[in-house]
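Undergrad: Have a look at this one before I ask anything.
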Amino acid sequence: MKERLDKFISSQTELSRKEVQRAVKDKRVTVNGDTVKAADIKIDTDADTVALDGRKLTYKKYVYYMMYKPSGVVSATEDREEKTVLDILPDELMRDGLFPAGRLDKDTTGLLIITDDGDYAHRMLSPKKHVTKRYIATLDREPDSNIIPRFEEGIILKDGTVCKSAKAEILDGSNAAVEISEGKYHQVKRMFAALGYRVEALKRVRIGSLELDSALKEGQTRELSAEEAGTVFKDHK
Ligand code: URA
């Protein structure tokens, strides 16, 4: 695809067009190894090798990132007061149009997908797709095994909202795993509240068949291949 150099670089990096023009002036941009003097030249995004500060930029229409969201940041693109998940992305992963696909509460940790592919996010979040999300909840006390049939029957929240059938599992200590295929506001916390438990910590560990990478530390992000990103639409076996 033929594209203007400054447009291409700003679409693939954290830099605005103005900043790209400055970077070109500062001799930070090369095309096929040669330092370029003008930001408005046309390049072929398939054939030319563009580099910024020596970092090669390969054209990607969309990107898909897996973040191990830490507690204390909000799932938004910007916020006046709070630190957002985009604020903690490493610079080299930042580019235009990124947003979190779905939300985790500020104090919830775990698997969050960040992308610039609106259709993908829409499909993932659509109630019709029934994408299952698995959470580990640490409760204020050891859960009773009767929570399993209660989740299965479909929990009625305190405000009368009826939840779909969900799967609960008792883990060690005061931990329980829950799998839900909806995304109501504070859903897991409210489901447990309806059964008389308080959720003290909540971590999302899987979406569809995509598991939180155990090599990631809290706060870290890595890129997913398009194939890995697609596994959110596959049922976990
Ligand atoms: N359910 C919740 O209560 N909080 C989350 O962050 C996600 C699911």
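Labels used: A, B, ... for chains in the order of the structure tokens, numbers from 1 for residues in each chain, and numbers from 1 for ligands as shown.
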Looking only at the backbone, which of the residues in range 2-229 of chain A does DSSP tag as helix (DSSP H, G or I), as a PyMOL selection string?
TA: chain A and resi 5-12+17-25+91-93+118-125+127-129+147-153+187-194+226-229
Undergrad: Using only C-alpha atoms, determine which residues lie at most 10 Å from Ile88 in chain A, disregarding the query and same-chain residues fewer than 3 positions distant; provide the list as a list in words.
TA: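 Result of the neighbour search: Met67, Lys69, Pro70, Val73, Lys83, Thr84, Val85, Asp91, Met94, Gly219, Gln220 and Thr221 of chain A.
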Undergrad: Pick out the closest residue to ligand 1 from this set: A:Asp105, A:Asp144, A:Glu19, A:Glu179. Count only C-alpha atoms and all ligand atoms.
TA: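 Among the listed residues, A:Asp105 lies closest to ligand 1.
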Undergrad: List all protein, DNA and RNA residues that have any atom at most 6 Å from ligand 1, counting only C-alpha atoms and all ligand atoms, and write the list as a PyMOL selection string.
TA: chain A and resi 104-105+108+186-189
Undergrad: Kindly export the residues of the current selection with C-alpha atoms, as a PDB file, in the first residue's frame.
TA:
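New file out.pdb:
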```pdb
ATOM      1  CA  LEU A 104     -12.245  -4.503  34.543  1.00  0.00           C
ATOM      2  CA  ASP A 105     -12.934  -2.567  37.745  1.00  0.00           C
ATOM      3  CA  THR A 108      -9.702  -5.993  39.515  1.00  0.00           C
ATOM      4  CA  HIS A 186     -19.629  -5.319  38.687  1.00  0.00           C
ATOM      5  CA  GLN A 187     -21.219  -8.629  37.814  1.00  0.00           C
ATOM      6  CA  VAL A 188     -19.044 -11.091  39.728  1.00  0.00           C
ATOM      7  CA  LYS A 189     -18.959  -8.939  42.859  1.00  0.00           C
TER       8      LYS A 189
END
```
Undergrad: Restricting the calculation to only C-alpha atoms: of A:Leu112, A:Ile41, A:Cys163, A:Val31, which residue gets closest to Met66 in chain A?
TA: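 Nearest candidate to Met66 in chain A out of A:Leu112, A:Ile41, A:Cys163, A:Val31: A:Leu112.
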Undergrad: Restricting the calculation to only C-alpha atoms, which member of A:Val24, A:Ile155, A:Ile207, A:Ala47 is positioned closest to Met124 in chain A?
TA: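 Ranking A:Val24, A:Ile155, A:Ile207, A:Ala47 by distance to Met124 in chain A, first place goes to A:Ile207.
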Undergrad: Between A:Thr115, A:Asn146, A:Ser11, A:Ser209, which one has atoms that come closest to Tyr65 in chain A, using only C-alpha atoms?
TA: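 So, comparing all the options, the nearest one is A:Thr115.
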Undergrad: Which residue out of A:Ser71, A:Ala39, A:Thr161, A:Val20 has the minimum interatomic distance to Leu52 in chain A when only C-alpha atoms are used?
TA: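 Nearest to Leu52 in chain A: A:Val20.
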Undergrad: Have a look at A:Ala76, A:Val29, A:Ile43, A:Val178 and name the one nearest to Thr132 in chain A; count only C-alpha atoms.
TA: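 Of A:Ala76, A:Val29, A:Ile43, A:Val178, the one nearest Thr132 in chain A is A:Val178, counting only C-alpha atoms.
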